[in-house]
>>> print(open('start-v7.cif').read())   # mmCIF, C-alpha atoms and all ligand atoms
data_model
#
loop_
_atom_site.label_atom_id
_atom_site.label_comp_id
_atom_site.auth_asym_id
_atom_site.auth_seq_id
_atom_site.Cartn_x
_atom_site.Cartn_y
_atom_site.Cartn_z
CA MET P 1 0.00 0.00 0.00
CA ASP P 2 2.75 2.45 0.99
CA ILE P 3 4.76 1.42 -1.99
CA THR P 4 1.84 2.12 -4.32
CA LEU P 5 1.28 5.54 -2.79
CA LEU P 6 4.97 6.33 -3.11
CA ALA P 7 4.97 5.25 -6.79
CA ILE P 8 1.99 7.54 -7.55
CA LEU P 9 3.67 10.46 -5.82
CA ILE P 10 6.89 9.96 -7.84
CA ILE P 11 4.91 9.88 -11.13
CA VAL P 12 3.00 13.10 -10.24
CA VAL P 13 6.21 14.95 -9.33
CA ALA P 14 7.90 13.75 -12.55
CA LEU P 15 4.94 14.97 -14.67
CA LEU P 16 4.99 18.37 -12.99
CA VAL P 17 8.72 18.82 -13.67
CA VAL P 18 8.40 17.86 -17.40
CA GLY P 19 5.27 20.04 -17.94
CA GLY P 20 6.86 23.09 -16.31
CA SER P 21 10.00 23.00 -18.43
CA PHE P 22 7.89 22.60 -21.61
CA LEU P 23 5.97 25.76 -20.76
CA VAL P 24 9.20 27.72 -20.21
CA VAL P 25 10.61 26.56 -23.60
CA SER P 26 7.45 27.43 -25.52
CA ARG P 27 7.20 30.89 -23.91
CA ARG P 28 10.80 31.67 -24.92
CA SER P 29 10.20 30.73 -28.58
CA VAL P 30 7.44 33.39 -28.96
CA ALA P 31 8.25 36.31 -26.73
CA PRO P 32 11.51 37.78 -28.18
CA GLY P 33 10.10 38.44 -31.60
CA LYS P 34 7.19 40.35 -30.12
CA GLU P 35 9.42 42.28 -27.80
CA GLU P 36 11.80 43.29 -30.61
CA THR P 37 9.03 44.58 -32.88
CA LYS P 38 7.38 46.81 -30.30
CA PRO P 39 7.70 50.34 -31.73
CA GLU P 40 7.92 51.84 -28.26
CA ALA P 41 10.84 49.58 -27.42
CA THR P 42 13.06 50.88 -30.24
CA GLY P 43 11.63 54.38 -30.50
CA GLU P 44 11.99 54.18 -34.29
CA PRO P 45 9.11 55.12 -36.64
CA PRO P 46 7.85 52.12 -38.61
CA THR P 47 8.77 53.70 -41.93
CA ALA P 48 12.47 53.45 -41.04
CA ALA P 49 12.30 49.67 -40.82
CA PRO P 50 13.25 47.43 -43.78
CA VAL P 51 10.34 45.95 -45.72
CA GLU P 52 10.23 42.59 -43.92
CA ASP P 53 10.42 44.32 -40.53
CA ARG P 54 7.75 46.76 -41.58
CA ASP P 55 5.33 43.86 -42.00
CA ARG P 56 6.01 42.77 -38.49
CA SER P 57 5.68 46.25 -37.03
CA ALA P 58 2.39 46.56 -38.88
CA GLU P 59 1.32 43.38 -37.12
CA ALA P 60 2.41 44.91 -33.86
CA VAL P 61 0.26 47.95 -34.65
CA ALA P 62 -2.70 45.75 -35.56
CA THR P 63 -2.54 43.92 -32.20
CA PRO P 64 -1.01 46.42 -29.82
CA PRO P 65 -0.09 45.39 -26.31
CA ALA P 66 -2.89 46.24 -23.93
CA GLN P 67 -0.77 48.80 -22.09
CA ALA P 68 0.26 50.74 -25.26
CA PRO P 69 -0.65 54.43 -24.92
CA PRO P 70 -3.21 55.56 -27.55
CA ALA P 71 -1.07 58.52 -28.65
CA GLU P 72 1.63 56.25 -30.09
CA GLU P 73 -0.99 54.18 -31.84
CA GLU P 74 -2.13 57.36 -33.66
CA ALA P 75 1.40 58.32 -34.61
CA VAL P 76 2.06 55.18 -36.66
CA LYS P 77 -1.26 55.24 -38.56
CA PRO P 78 -0.82 56.37 -42.20
CA ALA P 79 -2.62 59.66 -42.79
CA GLU P 80 -5.75 59.17 -44.91
CA PRO P 81 -6.13 61.98 -47.49
CA GLU P 82 -9.36 63.76 -46.76
CA LEU P 83 -11.76 63.74 -49.69
CA GLU P 84 -13.41 67.00 -50.58
CA THR P 85 -17.07 67.37 -51.54
CA PRO P 86 -17.25 70.04 -54.23
CA PRO P 87 -20.44 72.06 -54.64
CA PRO P 88 -22.81 71.03 -57.46
CA SER P 89 -22.69 72.89 -60.78
CA ALA P 90 -26.16 74.44 -60.48
CA GLY P 91 -26.02 78.13 -59.64
CA ARG P 92 -22.26 78.36 -59.91
CA MET P 93 -22.27 81.18 -62.42
CA VAL P 94 -24.62 83.18 -60.23
CA ARG P 95 -22.26 82.64 -57.30
CA LEU P 96 -19.31 83.83 -59.42
CA ARG P 97 -21.19 86.70 -61.07
CA ALA P 98 -19.32 89.33 -59.08
CA ARG P 99 -16.05 88.27 -60.75
CA LEU P 100 -17.59 89.11 -64.11
CA ALA P 101 -19.10 92.38 -63.03
CA ARG P 102 -15.74 93.61 -61.76
CA SER P 103 -13.93 93.09 -65.04
CA GLN P 104 -16.75 93.74 -67.48
CA SER P 105 -18.62 96.62 -65.93
CA SER P 106 -16.65 99.33 -67.72
CA PHE P 107 -17.73 97.79 -71.00
CA GLY P 108 -21.40 97.52 -70.02
CA GLN P 109 -21.53 100.86 -68.30
CA GLY P 110 -19.76 102.55 -71.23
CA LEU P 111 -22.39 101.25 -73.62
CA LEU P 112 -25.29 102.23 -71.37
CA ASN P 113 -23.95 105.75 -70.89
CA LEU P 114 -23.49 106.25 -74.62
CA LEU P 115 -26.95 104.94 -75.43
CA SER P 116 -28.57 107.15 -72.82
CA SER P 117 -26.70 110.29 -73.84
CA ASP P 118 -28.70 113.35 -74.96
CA THR P 119 -27.42 113.38 -78.50
CA LEU P 120 -27.24 110.09 -80.29
CA ASP P 121 -25.45 111.27 -83.42
CA GLU P 122 -23.13 109.58 -85.91
CA ASP P 123 -20.08 110.03 -83.63
CA THR P 124 -21.87 108.45 -80.67
CA TRP P 125 -22.89 105.42 -82.76
CA GLU P 126 -19.29 105.06 -83.86
CA GLU P 127 -18.18 105.23 -80.27
CA ILE P 128 -20.68 102.50 -79.37
CA GLU P 129 -19.30 100.33 -82.16
CA ASP P 130 -15.71 100.97 -81.00
CA THR P 131 -16.62 100.04 -77.42
CA LEU P 132 -18.03 96.74 -78.66
CA ILE P 133 -14.93 96.05 -80.75
CA THR P 134 -12.63 96.92 -77.84
CA ALA P 135 -14.43 94.25 -75.81
CA ASP P 136 -13.37 91.70 -78.47
CA ILE P 137 -16.90 91.14 -79.72
CA GLY P 138 -15.67 91.15 -83.32
CA VAL P 139 -16.24 93.62 -86.16
CA THR P 140 -19.17 91.81 -87.78
CA SER P 141 -21.11 91.36 -84.54
CA ALA P 142 -20.39 94.94 -83.44
CA ALA P 143 -21.78 96.29 -86.72
CA GLN P 144 -24.87 94.10 -86.41
CA ILE P 145 -25.56 95.22 -82.85
CA VAL P 146 -25.22 98.91 -83.76
CA ASP P 147 -27.50 98.46 -86.78
CA HIS P 148 -30.24 96.83 -84.74
CA LEU P 149 -29.94 99.36 -81.92
CA ARG P 150 -30.20 102.32 -84.28
CA THR P 151 -33.41 101.00 -85.73
CA ARG P 152 -34.89 100.18 -82.35
CA VAL P 153 -34.01 103.55 -80.81
CA LYS P 154 -35.73 105.25 -83.73
CA VAL P 155 -38.83 103.10 -83.38
CA LEU P 156 -38.88 103.46 -79.61
CA GLY P 157 -38.48 107.22 -79.78
CA THR P 158 -37.21 107.33 -76.20
CA ARG P 159 -33.96 106.75 -74.35
CA ASP P 160 -35.23 105.88 -70.93
CA THR P 161 -32.39 104.09 -69.08
CA ASP P 162 -34.37 100.94 -68.30
CA GLU P 163 -35.67 100.65 -71.84
CA VAL P 164 -32.20 101.15 -73.27
CA ARG P 165 -30.78 98.53 -70.93
CA ALA P 166 -33.50 96.02 -71.89
CA MET P 167 -32.81 96.63 -75.58
CA LEU P 168 -29.05 96.22 -75.23
CA ARG P 169 -29.55 93.10 -73.12
CA GLU P 170 -31.65 91.56 -75.86
CA GLU P 171 -29.14 92.42 -78.59
CA LEU P 172 -26.21 90.98 -76.63
CA LEU P 173 -28.18 87.82 -75.85
CA ASN P 174 -29.06 87.43 -79.52
CA GLN P 175 -25.39 87.59 -80.44
CA ILE P 176 -24.36 85.14 -77.71
CA GLY P 177 -27.20 82.73 -78.40
CA ALA P 178 -29.57 82.50 -75.46
CA ASP P 179 -31.12 79.21 -76.57
CA THR P 180 -27.98 77.37 -77.70
CA ASP P 181 -27.48 73.88 -76.25
CA ARG P 182 -24.47 74.22 -73.96
CA ALA P 183 -24.71 70.97 -72.07
CA VAL P 184 -21.38 69.17 -71.68
CA ARG P 185 -22.01 65.55 -72.66
CA THR P 186 -20.93 63.73 -69.53
CA ALA P 187 -23.60 61.04 -69.16
CA PRO P 188 -22.53 57.40 -69.65
CA HIS P 189 -24.14 55.35 -72.38
CA GLY P 190 -24.92 51.73 -71.54
CA ASP P 191 -21.93 50.17 -69.85
CA ARG P 192 -19.55 52.77 -71.22
CA PRO P 193 -18.52 56.03 -69.68
CA ALA P 194 -18.78 59.32 -71.53
CA VAL P 195 -15.36 60.35 -72.84
CA ILE P 196 -14.22 63.99 -72.86
CA MET P 197 -10.98 65.10 -74.48
CA VAL P 198 -9.60 68.42 -73.27
CA VAL P 199 -7.42 70.20 -75.84
CA GLY P 200 -5.73 73.58 -76.07
CA VAL P 201 -2.46 75.44 -76.04
CA ASN P 202 -0.26 75.11 -72.97
CA GLY P 203 -0.83 77.92 -70.51
CA THR P 204 -4.49 78.44 -71.37
CA GLY P 205 -5.55 76.56 -68.23
CA LYS P 206 -6.11 73.15 -69.78
CA THR P 207 -4.98 70.98 -66.88
CA THR P 208 -6.61 73.26 -64.34
CA THR P 209 -9.88 73.11 -66.29
CA THR P 210 -9.67 69.30 -66.49
CA GLY P 211 -9.26 69.17 -62.71
CA LYS P 212 -12.01 71.71 -62.09
CA LEU P 213 -14.36 69.83 -64.42
CA ALA P 214 -13.72 66.62 -62.48
CA ARG P 215 -14.79 68.51 -59.36
CA VAL P 216 -17.92 69.84 -61.07
CA LEU P 217 -18.89 66.29 -62.03
CA VAL P 218 -18.09 64.77 -58.63
CA GLY P 219 -20.10 67.60 -57.07
CA ASP P 220 -23.00 66.57 -59.31
CA GLY P 221 -22.70 62.98 -58.08
CA ARG P 222 -20.82 61.42 -60.97
CA SER P 223 -17.82 59.09 -60.80
CA VAL P 224 -14.83 60.26 -62.83
CA VAL P 225 -11.56 58.78 -64.13
CA LEU P 226 -8.84 61.17 -65.28
CA GLY P 227 -6.26 60.44 -67.98
CA ALA P 228 -2.97 62.37 -67.79
CA ALA P 229 -2.16 62.23 -71.50
CA ASP P 230 -0.03 65.38 -71.46
CA THR P 231 3.01 63.17 -70.97
CA PHE P 232 5.44 65.83 -72.22
CA ARG P 233 5.20 67.72 -68.95
CA ALA P 234 5.74 65.79 -65.73
CA ALA P 235 4.32 68.80 -63.88
CA ALA P 236 0.99 68.45 -65.70
CA THR P 237 0.69 64.83 -64.58
CA GLU P 238 1.49 65.73 -60.99
CA GLN P 239 -0.96 68.63 -61.13
CA LEU P 240 -3.74 66.35 -62.38
CA GLN P 241 -2.89 63.74 -59.75
CA THR P 242 -3.45 66.35 -57.07
CA TRP P 243 -6.78 67.39 -58.54
CA GLY P 244 -7.90 63.73 -58.76
CA SER P 245 -6.74 62.80 -55.26
CA ARG P 246 -8.67 65.65 -53.70
CA VAL P 247 -12.00 64.31 -54.96
CA GLY P 248 -11.20 60.60 -55.12
CA ALA P 249 -11.02 60.39 -58.93
CA PRO P 250 -8.41 57.83 -60.09
CA VAL P 251 -5.74 59.28 -62.38
CA VAL P 252 -4.29 57.05 -65.09
CA ARG P 253 -0.72 58.16 -65.72
CA LYS P 254 2.55 56.95 -67.14
CA GLU P 255 6.15 58.05 -67.11
CA GLU P 256 7.20 61.33 -68.76
CA GLY P 257 7.47 60.96 -72.52
CA ALA P 258 5.12 57.93 -72.69
CA ASP P 259 2.79 57.65 -75.67
CA PRO P 260 -0.18 59.98 -74.93
CA ALA P 261 -2.54 57.75 -76.93
CA SER P 262 -1.72 54.74 -74.75
CA VAL P 263 -2.45 56.76 -71.59
CA ALA P 264 -5.78 57.87 -73.06
CA PHE P 265 -6.59 54.26 -74.04
CA ASP P 266 -5.76 52.98 -70.56
CA ALA P 267 -7.82 55.74 -68.94
CA VAL P 268 -10.88 54.79 -70.98
CA SER P 269 -10.29 51.08 -70.22
CA ARG P 270 -10.07 51.91 -66.53
CA GLY P 271 -13.27 53.92 -66.78
CA ILE P 272 -15.05 50.96 -68.37
CA ASP P 273 -13.66 48.47 -65.81
CA ASP P 274 -14.59 50.72 -62.88
CA GLY P 275 -18.06 51.41 -64.27
CA ALA P 276 -17.25 55.14 -64.11
CA ASP P 277 -19.66 57.73 -65.50
CA THR P 278 -17.13 59.98 -67.22
CA VAL P 279 -13.51 59.80 -68.37
CA ILE P 280 -11.71 63.11 -68.91
CA VAL P 281 -8.46 63.04 -70.87
CA ASP P 282 -6.04 65.95 -70.55
CA THR P 283 -3.91 66.21 -73.71
CA ALA P 284 -0.67 67.91 -74.66
CA GLY P 285 -0.89 71.37 -76.18
CA ARG P 286 2.45 72.14 -77.73
CA LEU P 287 1.95 74.13 -80.89
CA HIS P 288 5.27 73.05 -82.38
CA THR P 289 4.03 72.32 -85.84
CA LYS P 290 0.51 71.95 -87.05
CA THR P 291 1.30 68.55 -88.56
CA GLY P 292 2.79 67.28 -85.30
CA LEU P 293 -0.22 68.44 -83.36
CA MET P 294 -2.59 66.97 -85.90
CA ASP P 295 -0.81 63.60 -85.78
CA GLU P 296 -0.74 63.51 -82.02
CA LEU P 297 -4.30 64.59 -81.23
CA GLY P 298 -5.69 62.61 -84.15
CA LYS P 299 -3.94 59.50 -82.86
CA VAL P 300 -5.20 59.99 -79.30
CA LYS P 301 -8.76 60.27 -80.60
CA ARG P 302 -8.46 57.27 -82.93
CA VAL P 303 -6.98 55.06 -80.24
CA VAL P 304 -9.62 56.08 -77.69
CA GLU P 305 -12.32 55.30 -80.24
CA LYS P 306 -11.18 51.67 -80.29
CA LYS P 307 -12.67 51.49 -76.81
CA SER P 308 -15.45 54.06 -76.77
CA GLN P 309 -16.77 56.99 -78.73
CA VAL P 310 -15.46 60.46 -77.83
CA ASP P 311 -18.50 62.42 -76.67
CA GLU P 312 -16.96 65.82 -76.23
CA VAL P 313 -13.83 67.61 -77.39
CA LEU P 314 -13.48 70.69 -75.21
CA LEU P 315 -11.17 73.41 -76.45
CA VAL P 316 -9.70 75.49 -73.66
CA LEU P 317 -9.19 79.11 -74.61
CA ASP P 318 -7.68 81.92 -72.54
CA ALA P 319 -10.04 84.93 -72.70
CA THR P 320 -7.17 87.35 -72.15
CA THR P 321 -5.27 86.37 -75.30
CA GLY P 322 -7.63 88.00 -77.83
CA GLN P 323 -6.82 87.58 -81.51
CA ASN P 324 -3.78 85.44 -80.80
CA GLY P 325 -5.90 82.98 -78.85
CA LEU P 326 -8.43 82.91 -81.65
CA ARG P 327 -5.76 82.05 -84.21
CA GLN P 328 -4.63 79.14 -82.05
CA ALA P 329 -8.22 78.03 -81.57
CA ARG P 330 -8.67 77.87 -85.33
CA VAL P 331 -5.70 75.50 -85.65
CA PHE P 332 -7.19 73.15 -83.08
CA ALA P 333 -10.59 73.28 -84.69
CA GLU P 334 -8.99 72.18 -87.98
CA VAL P 335 -7.25 69.28 -86.27
CA VAL P 336 -10.03 67.85 -84.12
CA ASN P 337 -13.76 68.16 -84.19
CA VAL P 338 -14.20 70.63 -81.32
CA THR P 339 -17.66 70.33 -79.72
CA GLY P 340 -17.43 72.99 -77.04
CA ILE P 341 -15.28 75.76 -75.62
CA ALA P 342 -14.10 76.25 -72.07
CA LEU P 343 -13.22 79.95 -71.84
CA THR P 344 -10.80 80.53 -68.98
CA LYS P 345 -9.64 83.65 -67.12
CA LEU P 346 -12.84 85.55 -67.80
CA ASP P 347 -12.32 87.04 -64.36
CA GLY P 348 -9.16 88.77 -65.52
CA THR P 349 -10.35 90.63 -68.60
CA ALA P 350 -12.81 93.30 -69.66
CA LYS P 351 -12.98 91.64 -73.07
CA GLY P 352 -15.85 89.25 -72.45
CA GLY P 353 -17.02 89.95 -75.99
CA ILE P 354 -14.60 87.21 -77.05
CA ILE P 355 -17.44 84.79 -76.29
CA VAL P 356 -19.39 86.14 -79.25
CA GLN P 357 -16.38 86.18 -81.55
CA VAL P 358 -15.09 82.72 -80.76
CA GLN P 359 -18.51 81.14 -81.21
CA ARG P 360 -18.93 82.89 -84.53
CA GLU P 361 -15.42 81.91 -85.72
CA LEU P 362 -15.53 78.27 -84.63
CA GLY P 363 -19.24 77.60 -84.85
CA VAL P 364 -19.28 75.88 -81.45
CA PRO P 365 -20.75 77.13 -78.18
CA VAL P 366 -18.92 78.29 -75.08
CA LYS P 367 -19.98 75.65 -72.55
CA LEU P 368 -17.83 76.42 -69.54
CA VAL P 369 -16.22 79.55 -68.18
CA GLY P 370 -13.28 79.89 -65.81
CA LEU P 371 -13.76 82.69 -63.33
CA GLY P 372 -10.75 82.36 -61.05
CA GLU P 373 -7.92 80.19 -59.85
CA GLY P 374 -9.89 78.55 -57.03
CA PRO P 375 -10.82 74.86 -57.39
CA ASP P 376 -14.53 75.60 -57.80
CA ASP P 377 -14.19 78.62 -60.06
CA LEU P 378 -15.41 76.84 -63.20
CA ALA P 379 -19.07 77.25 -64.13
CA PRO P 380 -21.43 76.08 -66.86
CA PHE P 381 -21.85 79.15 -69.06
CA ASP P 382 -25.18 80.92 -68.63
CA PRO P 383 -25.65 83.75 -71.19
CA GLU P 384 -28.31 85.56 -69.17
CA VAL P 385 -26.24 85.69 -66.00
CA PHE P 386 -23.31 86.87 -68.11
CA VAL P 387 -25.18 89.72 -69.80
CA ASP P 388 -26.89 90.77 -66.57
CA ALA P 389 -23.51 90.96 -64.86
CA ILE P 390 -22.18 93.16 -67.67
CA LEU P 391 -25.14 95.50 -67.47
CA ALA P 392 -25.46 95.54 -63.68
CA THR P 393 -25.58 98.99 -62.13
CA ASP P 394 -24.53 98.14 -58.59
P1 LIG L 1 -2.13 74.41 -69.13
O1 LIG L 1 -0.67 74.58 -69.45
O2 LIG L 1 -2.99 74.83 -70.27
O3 LIG L 1 -2.47 73.05 -68.62
O4 LIG L 1 -2.44 75.50 -68.00
P2 LIG L 1 -2.62 75.32 -66.44
O5 LIG L 1 -3.83 74.51 -66.16
O6 LIG L 1 -1.35 74.87 -65.84
O7 LIG L 1 -2.99 76.82 -66.00
C1 LIG L 1 -2.13 77.91 -66.24
C2 LIG L 1 -2.44 79.02 -65.23
O8 LIG L 1 -3.72 79.59 -65.49
C3 LIG L 1 -2.50 78.54 -63.79
O9 LIG L 1 -1.82 79.46 -62.98
C4 LIG L 1 -3.99 78.54 -63.47
O10 LIG L 1 -4.26 78.74 -62.10
C5 LIG L 1 -4.46 79.71 -64.29
N1 LIG L 1 -5.89 79.64 -64.59
C6 LIG L 1 -6.58 78.64 -65.16
N2 LIG L 1 -7.89 78.96 -65.29
C7 LIG L 1 -8.04 80.21 -64.76
C8 LIG L 1 -9.17 81.10 -64.61
O11 LIG L 1 -10.30 80.83 -64.99
N3 LIG L 1 -8.92 82.31 -64.03
C9 LIG L 1 -7.67 82.67 -63.60
N4 LIG L 1 -7.51 83.87 -63.06
N5 LIG L 1 -6.59 81.87 -63.75
C10 LIG L 1 -6.77 80.64 -64.31
#
>>> encode(input="start-v7.cif", output="structure tokens")
Amino acid sequence: MDITLLAILIIVVALLVVGGSFLVVSRRSVAPGKEETKPEATGEPPTAAPVEDRDRSAEAVATPPAQAPPAEEEAVKPAEPELETPPPSAGRMVRLRARLARSQSSFGQGLLNLLSSDTLDEDTWEEIEDTLITADIGVTSAAQIVDHLRTRVKVLGTRDTDEVRAMLREELLNQIGADTDRAVRTAPHGDRPAVIMVVGVNGTGKTTTTGKLARVLVGDGRSVVLGAADTFRAAATEQLQTWGSRVGAPVVRKEEGADPASVAFDAVSRGIDDGADTVIVDTAGRLHTKTGLMDELGKVKRVVEKKSQVDEVLLVLDATTGQNGLRQARVFAEVVNVTGIALTKLDGTAKGGIIVQVQRELGVPVKLVGLGEGPDDLAPFDPEVFVDAILATD
């Protein structure tokens, strides 16, 4: 009996000794790794660690020791870029009207004063025509406006300020085209996104307008993919990347000097794969030779059309460049089938009449206007708001 009890006791003690040493061994095989990867133990930021260590420190961040202070947890988290929610396009031109009034009022006020003057003789009519031409409205349109006004003043037999303003408003609206369809075609068709190509001479605000347009569309609830096909300027790609990142629009880009057509093709493919609503392709605008430009833009368009039709070719034009800008616009219009004009920097010129001239010259409507350097300073063009801003008295 005693011997049996003794035997059991020996077995229990032996089991306890073996079990205890096993626990010690297994603890040692796990603990050092954990201890070494603790960020607070080394004091080093996780980004300084080599790739394989970084994985482990990430694991350490994912399952932090219970006693880790929350402040350090925050410090190692990668900063998420905050997405912006741009305002919708509706009412934008009204909001930006003051920018127009500031630069255009001398033109509008000059005309109103002349028309309301006591003597409306030959010299005054000439002055009215000159004022219109100075505002870049174009010789033909200026002559037409003066002709119509002369007749109407005679018929009216009065030069009451309000009546004169109403008459001038009507004439300007007639020249601009109050009922013209100015919608930018951005709606997807079937399972394909709408494709917009943005073209124009460097410096006109092409990349900025592409970025601003993406914001307009995102603000209106659309999903957008951007194509950085101006591969000749690394800065343009970076610029577009920034615009895209701010509103969560993916930017398809390649290295500097890559084939612009292949970037445009990939952007449209990405748009189709993502089920995006609209793809906007920013193109290069070097006016080196007309043939070079023609080849390049023509190729971009052809290659894109292997994937999807091009719905809109927007020509970006700088309102401050006058006749020079118009000459350049003509070259582009010969090269690609321009469907709309984005007139930039209208905030910085008193020559808003360029709207009339460019539409007459190119036969396509101004669809968008740039009214400042701010991200939301691009507006769908509204002729009535434009004319009212010109003729505003306050
Ligand atoms: P790109 O070379 O044609 O792509 O021209 P960018 O997009 O780089 O623009 C050239 C400059 O024009 C930048 O400084 C823009 O901020 C500025 N810009 C673009 N649109 C407008 C506008 O509507 N108003 C003003 N004031 N500046 C603008």
>>> residues_around(input="start-v7.cif", residues="P:Gly177", least_positions_apart="5", cutoff="10 Å", atoms="all atoms listed in the file", output="VMD selection string")
chain P and resid 171 to 172 182 356 359 365 to 366 383 to 384
>>> residues_near_point(input="start-v7.cif", point="(-2.6, 65.7, -74.6)", cutoff="9 Å", atoms="only C-alpha atoms", output="PyMOL selection string")
chain P and resi 197-200+228-232+260-261+264+281-286+296-297+300
>>> residues_near_point(input="start-v7.cif", point="(-29.1, 97.3, -71.1)", cutoff="9 Å", atoms="only C-alpha atoms", output="VMD selection string")
chain P and resid 108 to 109 111 to 112 161 to 172 387 to 388 390 to 392
>>> write_last_selection(input="start-v7.cif", atoms="C-alpha atoms", output="PDB file, in the frame of the given file")
ATOM      1  CA  GLY P 108     -21.400  97.520 -70.020  1.00  0.00           C
ATOM      2  CA  GLN P 109     -21.530 100.860 -68.300  1.00  0.00           C
ATOM      3  CA  LEU P 111     -22.390 101.250 -73.620  1.00  0.00           C
ATOM      4  CA  LEU P 112     -25.290 102.230 -71.370  1.00  0.00           C
ATOM      5  CA  THR P 161     -32.390 104.090 -69.080  1.00  0.00           C
ATOM      6  CA  ASP P 162     -34.370 100.940 -68.300  1.00  0.00           C
ATOM      7  CA  GLU P 163     -35.670 100.650 -71.840  1.00  0.00           C
ATOM      8  CA  VAL P 164     -32.200 101.150 -73.270  1.00  0.00           C
ATOM      9  CA  ARG P 165     -30.780  98.530 -70.930  1.00  0.00           C
ATOM     10  CA  ALA P 166     -33.500  96.020 -71.890  1.00  0.00           C
ATOM     11  CA  MET P 167     -32.810  96.630 -75.580  1.00  0.00           C
ATOM     12  CA  LEU P 168     -29.050  96.220 -75.230  1.00  0.00           C
ATOM     13  CA  ARG P 169     -29.550  93.100 -73.120  1.00  0.00           C
ATOM     14  CA  GLU P 170     -31.650  91.560 -75.860  1.00  0.00           C
ATOM     15  CA  GLU P 171     -29.140  92.420 -78.590  1.00  0.00           C
ATOM     16  CA  LEU P 172     -26.210  90.980 -76.630  1.00  0.00           C
ATOM     17  CA  VAL P 387     -25.180  89.720 -69.800  1.00  0.00           C
ATOM     18  CA  ASP P 388     -26.890  90.770 -66.570  1.00  0.00           C
ATOM     19  CA  ILE P 390     -22.180  93.160 -67.670  1.00  0.00           C
ATOM     20  CA  LEU P 391     -25.140  95.500 -67.470  1.00  0.00           C
ATOM     21  CA  ALA P 392     -25.460  95.540 -63.680  1.00  0.00           C
TER      22      ALA P 392
END
>>> residues_near_ligand(input="start-v7.cif", ligand="ligand LIG 1 (chain L)", cutoff="7 Å", atoms="only C-alpha atoms and all ligand atoms", output="PyMOL selection string")
chain P and resi 200-209+236+344-348+369-373+377-378
>>> atom_distance(input="start-v7.cif", atom1="atom CA of P:Phe381", atom2="atom CA of P:Thr85")
21.6 Å
>>> atom_distance(input="start-v7.cif", atom1="atom CA of P:Arg233", atom2="atom CA of P:Asp259")
12.3 Å
>>> axis_aligned_box(input="start-v7.cif", around="stretch 179-187 of chain P", padding_each_side="4 Å", output="AutoDock Vina command-line options")
--center_x -26.0 --center_y 70.1 --center_z -73.4 --size_x 18.2 --size_y 26.2 --size_z 16.5
>>> atom_distance(input="start-v7.cif", atom1="atom CA of P:Ser308", atom2="atom CA of P:Leu240")
22.3 Å
>>> residues_around(input="start-v7.cif", residues="P:Asp220", least_positions_apart="2", cutoff="9 Å", atoms="all atoms listed in the file", output="PDB file with C-alpha atoms, in the coordinates of the input")
ATOM      1  CA  PRO P  86     -17.250  70.040 -54.230  1.00  0.00           C
ATOM      2  CA  PRO P  87     -20.440  72.060 -54.640  1.00  0.00           C
ATOM      3  CA  PRO P  88     -22.810  71.030 -57.460  1.00  0.00           C
ATOM      4  CA  SER P  89     -22.690  72.890 -60.780  1.00  0.00           C
ATOM      5  CA  ALA P  90     -26.160  74.440 -60.480  1.00  0.00           C
ATOM      6  CA  ARG P 215     -14.790  68.510 -59.360  1.00  0.00           C
ATOM      7  CA  VAL P 216     -17.920  69.840 -61.070  1.00  0.00           C
ATOM      8  CA  LEU P 217     -18.890  66.290 -62.030  1.00  0.00           C
ATOM      9  CA  VAL P 218     -18.090  64.770 -58.630  1.00  0.00           C
ATOM     10  CA  ARG P 222     -20.820  61.420 -60.970  1.00  0.00           C
TER      11      ARG P 222
END
>>> residues_around(input="start-v7.cif", residues="P:Gly91", least_positions_apart="5", cutoff="10 Å", atoms="all atoms listed in the file", output="PyMOL selection string")
chain P and resi 96-97+379-380+382+385
>>> closest_residue(input="start-v7.cif", among="P:Val184, P:Ala178, P:Ala98, P:Ala333", to="P:Lys367", atoms="only C-alpha atoms")
P:Val184
>>> closest_residue(input="start-v7.cif", among="P:Leu114, P:Leu362, P:Val268, P:Val247", to="P:Gln309", atoms="all atoms listed in the file")
P:Val268
>>> closest_residue(input="start-v7.cif", among="P:Thr349, P:Ser116, P:Thr140, P:Gly248", to="P:Gly219", atoms="all atoms listed in the file")
P:Gly248
>>> closest_residue(input="start-v7.cif", among="P:Ser245, P:Thr339, P:Asp136, P:Trp125", to="P:Thr151", atoms="all atoms listed in the file")
P:Trp125
